[in-house]
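Peer 1: So here's final22.cif (mmCIF, C-alpha atoms).
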```cif
data_model
#
loop_
_atom_site.label_atom_id
_atom_site.label_comp_id
_atom_site.auth_asym_id
_atom_site.auth_seq_id
_atom_site.Cartn_x
_atom_site.Cartn_y
_atom_site.Cartn_z
CA MET A 74 -10.13 18.61 -18.49
CA ARG A 75 -6.76 19.56 -20.02
CA VAL A 76 -6.47 19.63 -23.79
CA HIS A 77 -3.05 19.22 -25.40
CA GLN A 78 -2.03 20.13 -28.93
CA ASN A 79 0.03 16.99 -29.44
CA LEU A 80 2.64 17.07 -32.16
CA MET A 81 3.14 13.30 -32.03
CA THR A 82 2.21 10.34 -29.87
CA THR A 83 4.23 9.52 -26.76
CA ASP A 84 5.37 6.36 -28.55
CA GLU A 85 6.71 8.46 -31.43
CA ALA A 86 8.31 10.95 -29.05
CA VAL A 87 10.22 8.20 -27.26
CA ARG A 88 11.42 6.79 -30.58
CA GLN A 89 12.68 10.24 -31.59
CA LEU A 90 14.50 10.80 -28.29
CA ARG A 91 16.16 7.39 -28.60
CA GLY A 92 17.55 8.42 -31.97
CA ASP A 93 19.12 11.63 -30.66
CA PRO A 94 22.47 11.10 -28.86
CA GLN A 95 21.96 14.17 -26.64
CA TRP A 96 19.10 12.36 -24.90
CA ALA A 97 20.83 8.99 -24.48
CA VAL A 98 21.38 9.39 -20.73
CA LEU A 99 17.82 10.59 -20.15
CA VAL A 100 16.38 7.66 -22.12
CA ARG A 101 18.46 5.20 -20.10
CA ASP A 102 17.67 6.80 -16.75
CA ALA A 103 13.96 6.94 -17.61
CA TYR A 104 14.05 3.20 -18.44
CA LEU A 105 12.80 3.96 -21.95
CA GLY A 106 15.27 1.92 -24.00
CA ARG A 107 13.94 -0.48 -26.62
CA ASP A 108 15.28 -3.44 -24.61
CA VAL A 109 12.57 -3.52 -21.95
CA ALA A 110 14.13 -6.58 -20.29
CA ASP A 111 17.33 -4.60 -19.74
CA SER A 112 15.31 -1.70 -18.30
CA ALA A 113 13.54 -4.09 -15.95
CA ARG A 114 16.80 -5.64 -14.74
CA ARG A 115 18.27 -2.21 -14.05
CA PHE A 116 15.14 -1.07 -12.21
CA ILE A 117 15.06 -4.21 -10.06
CA ASP A 118 18.70 -3.60 -9.11
CA SER A 119 18.28 0.15 -8.61
CA GLY A 120 18.70 2.08 -5.39
CA GLU A 121 15.22 3.47 -5.98
CA PHE A 122 13.52 0.08 -5.92
CA ALA A 123 15.65 -1.05 -2.99
CA GLU A 124 14.23 1.88 -1.06
CA VAL A 125 10.68 1.07 -2.24
CA ARG A 126 11.13 -2.45 -0.86
CA ARG A 127 12.45 -1.06 2.41
CA ILE A 128 9.50 1.33 2.77
CA LEU A 129 6.93 -1.38 2.02
CA GLY A 130 8.71 -3.83 4.32
CA THR A 131 6.99 -7.08 5.20
CA SER A 132 3.72 -6.01 3.54
CA LEU A 133 5.15 -6.98 0.14
CA ALA A 134 5.62 -10.70 0.77
CA GLY A 135 2.66 -12.61 -0.67
CA ALA A 136 0.82 -9.39 -1.52
CA SER A 137 -1.53 -8.58 -4.36
CA VAL A 138 -0.16 -5.46 -6.07
CA LEU A 139 -1.80 -3.13 -8.57
CA ASP A 140 0.86 -1.29 -10.57
CA LEU A 141 -1.33 1.59 -11.74
CA GLY A 142 -0.14 3.40 -14.85
CA ALA A 143 2.49 0.70 -15.22
CA GLY A 144 3.98 1.94 -18.50
CA THR A 145 6.37 -0.75 -19.72
CA GLY A 146 5.78 -2.98 -16.68
CA ILE A 147 9.28 -2.76 -15.19
CA ALA A 148 7.98 -2.16 -11.66
CA SER A 149 5.48 -5.00 -12.04
CA LEU A 150 8.26 -7.45 -12.74
CA ALA A 151 10.24 -5.99 -9.84
CA PHE A 152 7.36 -6.69 -7.46
CA VAL A 153 7.08 -10.26 -8.74
CA SER A 154 10.80 -10.74 -8.14
CA SER A 155 10.37 -9.38 -4.59
CA GLY A 156 7.78 -11.90 -3.45
CA ALA A 157 4.41 -10.45 -4.42
CA ALA A 158 1.89 -13.22 -5.05
CA ARG A 159 -0.16 -11.41 -7.70
CA VAL A 160 0.75 -8.33 -9.72
CA ILE A 161 -1.52 -6.49 -12.14
CA ALA A 162 0.13 -4.05 -14.55
CA MET A 163 -2.55 -1.59 -15.65
CA ASP A 164 -2.20 1.08 -18.30
CA PRO A 165 -4.53 2.57 -20.93
CA ASP A 166 -1.75 2.91 -23.53
CA PRO A 167 -1.61 -0.04 -25.95
CA SER A 168 1.60 1.15 -27.64
CA ASP A 169 4.63 -0.99 -28.25
CA GLU A 170 7.29 1.29 -26.75
CA VAL A 171 5.74 2.72 -23.58
CA GLY A 172 2.51 0.79 -23.05
CA ARG A 173 0.93 -2.63 -23.00
CA GLY A 174 2.89 -3.80 -26.04
CA ALA A 175 6.12 -3.34 -24.09
CA MET A 176 4.54 -5.08 -21.08
CA ALA A 177 3.67 -8.08 -23.24
CA ARG A 178 7.32 -8.45 -24.27
CA LEU A 179 8.37 -8.27 -20.63
CA ALA A 180 5.73 -10.65 -19.24
CA GLY A 181 6.17 -13.22 -21.96
CA ARG A 182 5.75 -16.13 -19.55
CA GLY A 183 2.86 -14.59 -17.64
CA GLU A 184 4.93 -13.30 -14.71
CA PHE A 185 2.31 -10.61 -14.15
CA GLU A 186 -1.16 -9.80 -15.45
CA ILE A 187 -1.74 -7.05 -17.99
CA ALA A 188 -4.88 -4.91 -17.87
CA ASP A 189 -6.33 -1.97 -19.78
CA GLY A 190 -7.60 0.74 -17.48
CA VAL A 191 -7.34 4.31 -16.25
CA GLY A 192 -7.00 5.55 -12.70
CA GLU A 193 -10.33 7.33 -12.78
CA ALA A 194 -12.17 4.03 -13.37
CA ILE A 195 -10.10 1.06 -12.22
CA PRO A 196 -11.74 -2.17 -13.47
CA LEU A 197 -11.17 -4.13 -10.25
CA ASP A 198 -13.40 -5.20 -7.37
CA ASP A 199 -13.65 -3.27 -4.14
CA ALA A 200 -11.01 -4.15 -1.53
CA SER A 201 -9.24 -6.56 -3.87
CA MET A 202 -5.59 -5.43 -3.61
CA ASP A 203 -3.11 -5.25 -0.76
CA ILE A 204 -0.97 -2.55 -2.37
CA VAL A 205 -1.66 0.09 -5.01
CA TYR A 206 1.60 1.42 -6.42
CA CYS A 207 1.77 4.43 -8.73
CA ARG A 208 5.11 5.55 -10.15
CA GLN A 209 4.92 8.93 -11.90
CA VAL A 210 1.19 8.52 -12.45
CA LEU A 211 -0.89 10.93 -10.35
CA HIS A 212 0.47 14.07 -12.01
CA HIS A 213 -1.02 12.83 -15.31
CA ALA A 214 -4.53 12.53 -13.82
CA GLN A 215 -7.40 14.26 -15.54
CA ASP A 216 -9.33 14.04 -12.25
CA LEU A 217 -6.88 13.67 -9.36
CA PRO A 218 -9.47 13.28 -6.55
CA GLN A 219 -11.28 10.58 -8.53
CA VAL A 220 -8.07 8.62 -9.10
CA LEU A 221 -7.41 8.63 -5.35
CA ARG A 222 -10.98 7.59 -4.62
CA GLU A 223 -10.52 4.64 -6.96
CA CYS A 224 -7.22 3.71 -5.33
CA ALA A 225 -8.93 3.82 -1.93
CA ARG A 226 -11.81 1.71 -3.24
CA VAL A 227 -9.74 -1.16 -4.63
CA VAL A 228 -7.22 -1.41 -1.78
CA LYS A 229 -8.12 -3.61 1.17
CA PRO A 230 -8.72 -2.16 4.65
CA GLY A 231 -5.26 -1.74 6.11
CA GLY A 232 -3.77 -1.86 2.61
CA ILE A 233 -1.19 0.56 1.22
CA VAL A 234 -1.30 3.21 -1.49
CA PHE A 235 2.20 4.34 -2.47
CA ALA A 236 2.48 7.10 -5.08
CA CYS A 237 6.09 7.81 -6.11
CA ARG A 238 7.89 10.55 -8.00
CA GLU A 239 4.99 12.96 -8.46
CA HIS A 240 5.79 16.36 -9.94
CA VAL A 241 4.99 19.38 -7.76
CA VAL A 242 4.75 23.06 -8.67
CA ASP A 243 3.87 26.08 -6.55
CA ASP A 244 2.01 28.17 -9.12
CA GLU A 245 1.07 28.55 -12.78
CA GLU A 246 4.42 30.11 -13.69
CA GLN A 247 6.29 27.10 -12.32
CA LEU A 248 3.92 24.82 -14.22
CA ARG A 249 4.58 26.64 -17.50
CA GLN A 250 8.33 26.43 -16.92
CA PHE A 251 8.19 22.73 -16.04
CA LEU A 252 6.15 21.86 -19.14
CA ALA A 253 8.39 23.95 -21.39
CA ASP A 254 11.50 22.18 -20.10
CA HIS A 255 10.13 18.62 -20.26
CA PRO A 256 11.56 16.88 -23.38
CA VAL A 257 8.66 14.47 -23.94
CA ASN A 258 6.06 17.18 -23.29
CA ARG A 259 7.67 19.41 -25.91
CA LEU A 260 7.19 16.66 -28.48
CA ALA A 261 3.92 15.04 -27.45
CA GLY A 262 2.28 16.97 -24.61
CA GLY A 263 0.52 15.03 -21.87
CA GLU A 264 2.64 16.10 -18.90
CA HIS A 265 1.32 18.00 -15.90
CA ALA A 266 2.06 18.77 -12.25
CA PHE A 267 -0.07 19.73 -9.23
CA ARG A 268 0.50 21.80 -6.13
CA LEU A 269 1.50 19.83 -3.05
CA GLY A 270 -1.75 20.70 -1.30
CA GLU A 271 -3.76 19.29 -4.19
CA TYR A 272 -2.10 15.89 -3.81
CA LEU A 273 -2.58 15.89 -0.04
CA GLY A 274 -6.19 17.02 -0.31
CA ALA A 275 -7.00 14.32 -2.86
CA ILE A 276 -5.40 11.60 -0.72
CA THR A 277 -7.18 12.53 2.50
CA GLY A 278 -10.39 13.36 0.63
CA ALA A 279 -10.47 9.76 -0.61
CA GLY A 280 -10.49 8.54 2.99
CA LEU A 281 -6.87 7.46 3.05
CA LEU A 282 -4.58 8.20 5.98
CA ILE A 283 -1.19 9.68 5.09
CA ASP A 284 1.71 7.88 6.76
CA ARG A 285 4.55 9.78 5.14
CA VAL A 286 5.13 12.65 2.74
CA ILE A 287 8.60 12.20 1.22
CA GLY A 288 10.23 15.37 -0.05
CA PRO A 289 12.42 15.78 -3.14
CA TRP A 290 15.73 15.14 -1.34
CA GLU A 291 14.54 12.93 1.51
CA SER A 292 14.83 9.70 -0.47
CA VAL A 293 16.60 8.28 -3.50
CA VAL A 294 13.09 7.41 -4.72
CA ASN A 295 12.62 11.08 -5.59
CA ALA A 296 16.24 12.19 -6.07
CA PHE A 297 17.14 9.63 -8.77
CA PRO A 298 18.93 10.10 -11.17
CA GLN A 299 20.80 12.98 -9.49
CA VAL A 300 21.83 10.32 -6.97
CA ARG A 301 21.50 6.59 -7.43
CA THR A 302 21.60 5.16 -3.92
CA GLN A 303 20.51 6.26 -0.48
CA ALA A 304 24.17 6.43 0.52
CA GLU A 305 24.92 8.80 -2.37
CA LEU A 306 22.01 10.98 -1.28
CA GLU A 307 23.33 11.25 2.26
CA ALA A 308 26.76 12.21 0.90
CA GLU A 309 25.43 14.75 -1.60
CA PRO A 310 26.29 17.94 0.36
CA ALA A 311 29.91 16.82 0.76
CA THR A 312 30.06 15.72 -2.87
CA ARG A 313 28.92 19.13 -4.08
CA LEU A 314 31.27 20.97 -1.77
CA VAL A 315 34.27 18.93 -2.97
CA ARG A 316 33.21 19.58 -6.56
CA ARG A 317 33.18 23.30 -5.85
CA VAL A 318 36.25 23.86 -3.64
CA GLY A 319 38.29 20.69 -4.05
CA PRO A 320 39.53 18.18 -1.42
CA LEU A 321 39.27 20.75 1.39
CA GLY A 322 35.51 20.35 1.06
CA ARG A 323 35.76 17.04 2.90
CA LEU A 324 36.91 18.97 5.96
CA ALA A 325 34.73 22.04 5.48
CA ILE A 326 31.53 19.98 5.40
CA HIS A 327 32.01 19.30 9.12
CA PHE A 328 32.08 22.99 10.07
CA PRO A 329 28.94 24.09 11.97
CA GLY A 330 26.11 25.05 9.65
CA VAL A 331 27.87 24.20 6.38
CA LYS A 332 25.95 21.01 5.59
CA ALA A 333 22.59 22.63 6.46
CA ARG A 334 23.37 25.58 4.19
CA ILE A 335 24.19 23.29 1.28
CA TRP A 336 21.04 21.25 1.84
CA ARG A 337 18.97 24.45 1.63
CA ARG A 338 20.50 25.17 -1.75
CA ILE A 339 19.97 21.62 -2.97
CA ASP A 340 16.39 21.38 -1.73
CA ARG A 341 15.14 24.61 -3.28
CA PRO A 342 11.59 24.59 -4.73
CA VAL A 343 12.35 23.99 -8.40
CA PRO A 344 9.46 23.57 -10.88
CA GLY A 345 8.44 19.93 -11.21
CA ARG A 346 10.34 18.69 -8.16
CA MET A 347 9.32 15.22 -7.04
CA TYR A 348 7.42 14.07 -3.97
CA SER A 349 6.22 10.62 -2.92
CA PHE A 350 3.22 9.79 -0.73
CA LEU A 351 2.69 6.73 1.46
CA ALA A 352 -0.84 6.22 2.73
CA HIS A 353 -3.15 3.45 3.87
CA ARG A 354 -6.85 2.68 3.99
CA PRO A 355 -8.09 2.55 7.58
CA ALA A 356 -8.85 -0.97 8.77
#
```
How would this structure read if it were set down as structure tokens?
Peer 2:
Amino acid sequence: MRVHQNLMTTDEAVRQLRGDPQWAVLVRDAYLGRDVADSARRFIDSGEFAEVRRILGTSLAGASVLDLGAGTGIASLAFVSSGAARVIAMDPDPSDEVGRGAMARLAGRGEFEIADGVGEAIPLDDASMDIVYCRQVLHHAQDLPQVLRECARVVKPGGIVFACREHVVDDEEQLRQFLADHPVNRLAGGEHAFRLGEYLGAITGAGLLIDRVIGPWESVVNAFPQVRTQAELEAEPATRLVRRVGPLGRLAIHFPGVKARIWRRIDRPVPGRMYSFLAHRPA
């Protein structure tokens, strides 16, 4: 179990970041503004959630969705707006800014259910959900294999587990660097990251079958906010080349090997880079 010497609560840390103009863009892009309804609207309209809908496809219509570690509930409302029949927003944090208090403001008319629970002990029946969705959740786990076992338990046979935007490190030095650079972690602690193999081992160890491992620059789901749409992601090598050499970059990007070389530079293994994992429970 990891022990953190917290300087303040996460709720307090978010309030402090909101009050500091240098973090205004981060707060907005992390959907951590006080106006949770505005955050929800922006998330629903985002390129990230558009890609989530595309990946989930027809499985979302009429589905029961567990939004595990739901935070403020913005994804829960997004799933409701996309045709899910039942959505449960689950989080152990009761706080007003980043937990169930924020959810209550967002789900004022009962658009989705709010539940208190942790991933290691999900208070739901076996095989009760069609989709388990986790956005930036698994890397916080105290017991990663147990969280995945619980996800596998509550999802129906044939159902989907989709874990998005999980931080990955290669070694302890990368982990130390990632934690030192993370603005909320510096104030409140609580952040973490695992090696890629640890995520994969926990998923398969829970009896889930992996359908897709999505790398840091393979989808806007992971690459946001550096890019904001899938089209921007596909244009990123050309964008960077133009930024570096000017308009001639639009021509140079078509030279043999140039785009691949830029992608290698973009997709370098930085500490805390994000991966997403799509898996299902065998029928």
Peer 1: Output the residue selection produced by the PyMOL selection byres ((chain A and resi 224) around 10) on the file above, formatted as an mmCIF file with C-alpha atoms, in the coordinates of the input.
Peer 2:
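What ended up in out27.cif:
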```cif
data_model
loop_
_atom_site.group_PDB
_atom_site.id
_atom_site.type_symbol
_atom_site.label_atom_id
_atom_site.label_comp_id
_atom_site.auth_asym_id
_atom_site.auth_seq_id
_atom_site.Cartn_x
_atom_site.Cartn_y
_atom_site.Cartn_z
ATOM 1 C CA LEU A 139 -1.800 -3.130 -8.570
ATOM 2 C CA LEU A 141 -1.330 1.590 -11.740
ATOM 3 C CA GLY A 192 -7.000 5.550 -12.700
ATOM 4 C CA GLU A 193 -10.330 7.330 -12.780
ATOM 5 C CA ALA A 194 -12.170 4.030 -13.370
ATOM 6 C CA ILE A 195 -10.100 1.060 -12.220
ATOM 7 C CA ASP A 199 -13.650 -3.270 -4.140
ATOM 8 C CA ALA A 200 -11.010 -4.150 -1.530
ATOM 9 C CA MET A 202 -5.590 -5.430 -3.610
ATOM 10 C CA ILE A 204 -0.970 -2.550 -2.370
ATOM 11 C CA VAL A 205 -1.660 0.090 -5.010
ATOM 12 C CA TYR A 206 1.600 1.420 -6.420
ATOM 13 C CA CYS A 207 1.770 4.430 -8.730
ATOM 14 C CA PRO A 218 -9.470 13.280 -6.550
ATOM 15 C CA GLN A 219 -11.280 10.580 -8.530
ATOM 16 C CA VAL A 220 -8.070 8.620 -9.100
ATOM 17 C CA LEU A 221 -7.410 8.630 -5.350
ATOM 18 C CA ARG A 222 -10.980 7.590 -4.620
ATOM 19 C CA GLU A 223 -10.520 4.640 -6.960
ATOM 20 C CA ALA A 225 -8.930 3.820 -1.930
ATOM 21 C CA ARG A 226 -11.810 1.710 -3.240
ATOM 22 C CA VAL A 227 -9.740 -1.160 -4.630
ATOM 23 C CA VAL A 228 -7.220 -1.410 -1.780
ATOM 24 C CA LYS A 229 -8.120 -3.610 1.170
ATOM 25 C CA ILE A 233 -1.190 0.560 1.220
ATOM 26 C CA VAL A 234 -1.300 3.210 -1.490
ATOM 27 C CA PHE A 235 2.200 4.340 -2.470
ATOM 28 C CA ILE A 276 -5.400 11.600 -0.720
ATOM 29 C CA ALA A 279 -10.470 9.760 -0.610
ATOM 30 C CA LEU A 281 -6.870 7.460 3.050
ATOM 31 C CA ARG A 354 -6.850 2.680 3.990
#
```
Peer 1: Just the residues within 10 Å of A:Gly345, please, counting all atoms listed in the file, with nothing from its chain fewer than 3 positions along; format it as a tab-separated table (two decimals) with C-alpha atoms, keeping the file's coordinate frame.
Peer 2:
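Just written: part.tsv:
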```
chain	number	residue	atom	x	y	z
A	212	HIS	CA	0.47	14.07	-12.01
A	238	ARG	CA	7.89	10.55	-8.00
A	239	GLU	CA	4.99	12.96	-8.46
A	240	HIS	CA	5.79	16.36	-9.94
A	241	VAL	CA	4.99	19.38	-7.76
A	242	VAL	CA	4.75	23.06	-8.67
A	243	ASP	CA	3.87	26.08	-6.55
A	247	GLN	CA	6.29	27.10	-12.32
A	248	LEU	CA	3.92	24.82	-14.22
A	249	ARG	CA	4.58	26.64	-17.50
A	250	GLN	CA	8.33	26.43	-16.92
A	251	PHE	CA	8.19	22.73	-16.04
A	252	LEU	CA	6.15	21.86	-19.14
A	254	ASP	CA	11.50	22.18	-20.10
A	255	HIS	CA	10.13	18.62	-20.26
A	265	HIS	CA	1.32	18.00	-15.90
A	266	ALA	CA	2.06	18.77	-12.25
A	267	PHE	CA	-0.07	19.73	-9.23
A	268	ARG	CA	0.50	21.80	-6.13
A	289	PRO	CA	12.42	15.78	-3.14
A	342	PRO	CA	11.59	24.59	-4.73
A	348	TYR	CA	7.42	14.07	-3.97
```
Peer 1: Report as a compact mmCIF listing (two decimals) with C-alpha atoms, in the frame of the given file all protein, DNA and RNA residues lying within 10 Å of A:Leu314, evaluated on only C-alpha atoms, omitting residues in the same chain fewer than 4 positions from it.
Peer 2:
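The resulting out_32.txt:
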```txt
# COMPACT_ATOMS: atom_id res chain seq x y z
CA GLU A 309 25.43 14.75 -1.60
CA PRO A 310 26.29 17.94 0.36
CA VAL A 318 36.25 23.86 -3.64
CA GLY A 319 38.29 20.69 -4.05
CA PRO A 320 39.53 18.18 -1.42
CA LEU A 321 39.27 20.75 1.39
CA GLY A 322 35.51 20.35 1.06
CA ARG A 323 35.76 17.04 2.90
CA LEU A 324 36.91 18.97 5.96
CA ALA A 325 34.73 22.04 5.48
CA ILE A 326 31.53 19.98 5.40
CA VAL A 331 27.87 24.20 6.38
CA LYS A 332 25.95 21.01 5.59
CA ILE A 335 24.19 23.29 1.28
```
Peer 1: Give me the result of the PyMOL selection byres ((chain A and resi 302) around 9) on this file, residue by residue, as a list in words.
Peer 2: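 Listing what the PyMOL selection byres ((chain A and resi 302) around 9) selects in the shown file: Ser119, Gly120, Glu121, Ala123, Glu124, Ser292, Val293, Val294, Phe297, Val300, Arg301, Gln303, Ala304, Glu305, Leu306 and Glu307 of chain A.
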Peer 1: Taking only C-alpha atoms into account, which of A:Ser132, A:Ser154, A:Ser168, A:Ser112 comes nearest A:Arg88?
Peer 2: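 Nearest to A:Arg88: A:Ser168.
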Peer 1: From the set A:Ile187, A:Ala308, A:Ala162, A:Val171, which residue has the shortest atom-to-atom contact distance to A:Ala103, counting all atoms listed in the file?
Peer 2: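 Checking each candidate against A:Ala103, we get A:Val171 as the closest.
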Peer 1: Between A:His353, A:Arg159, A:Arg115, A:Arg126, single out the one closest to A:Thr277, counting all atoms listed in the file.
Peer 2: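 Looking only at the distances to A:Thr277, the closest residue turns out to be A:His353.
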Peer 1: Check the smallest atom-to-atom distance from each of A:Asp84, A:Asp198, A:Asp203, A:Asp93 to A:Arg173 using all atoms listed in the file, then report the winner.
Peer 2: A:Asp84
Peer 1: Mind telling me what the PyMOL selection byres ((chain A and resi 107-110) around 10) catches here, as a ChimeraX atom specification?
Peer 2: /A:87-88,91,100-101,104-106,111-116,145-147,150,169-171,175-176,178-180
Peer 1: Distance atom CA of A:Ala311-atom CA of A:Ile117, one decimal place?
Peer 2: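 Atom CA of A:Ile117 lies at a distance of 27.9 Å from atom CA of A:Ala311.
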Peer 1: What's around A:Ala134 at 10 Å? Count all atoms listed in the file, leave out sequence neighbours fewer than 6 positions away in its own chain, and write the answer as a list in words.
Peer 2: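 These residues fall inside the cut-off: Phe152, Val153, Ser155, Gly156, Ala157 and Ala158 of chain A.
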Peer 1: Figure out the distance between atom CA of A:Arg341 and atom CA of A:Glu291, please, to one decimal in Å.
Peer 2: 12.6 Å
Peer 1: Which residue is closest to A:Val160? Choose from A:Leu282, A:Val191, A:Glu186, A:Phe122 and count only C-alpha atoms.
Peer 2: A:Glu186
Peer 1: How many Å lie between atom CA of A:Phe350 and atom CA of A:Gly288, rounded to one decimal?
Peer 2: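 A separation of 9.0 Å between them.
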Peer 1: Counting all atoms listed in the file, figure out which residue out of A:Trp290, A:Ala86, A:Thr131, A:Val210 gets nearest to A:Leu260.
Peer 2: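 Checking each of A:Trp290, A:Ala86, A:Thr131, A:Val210 against A:Leu260, counting all atoms listed in the file, the winner is A:Ala86.
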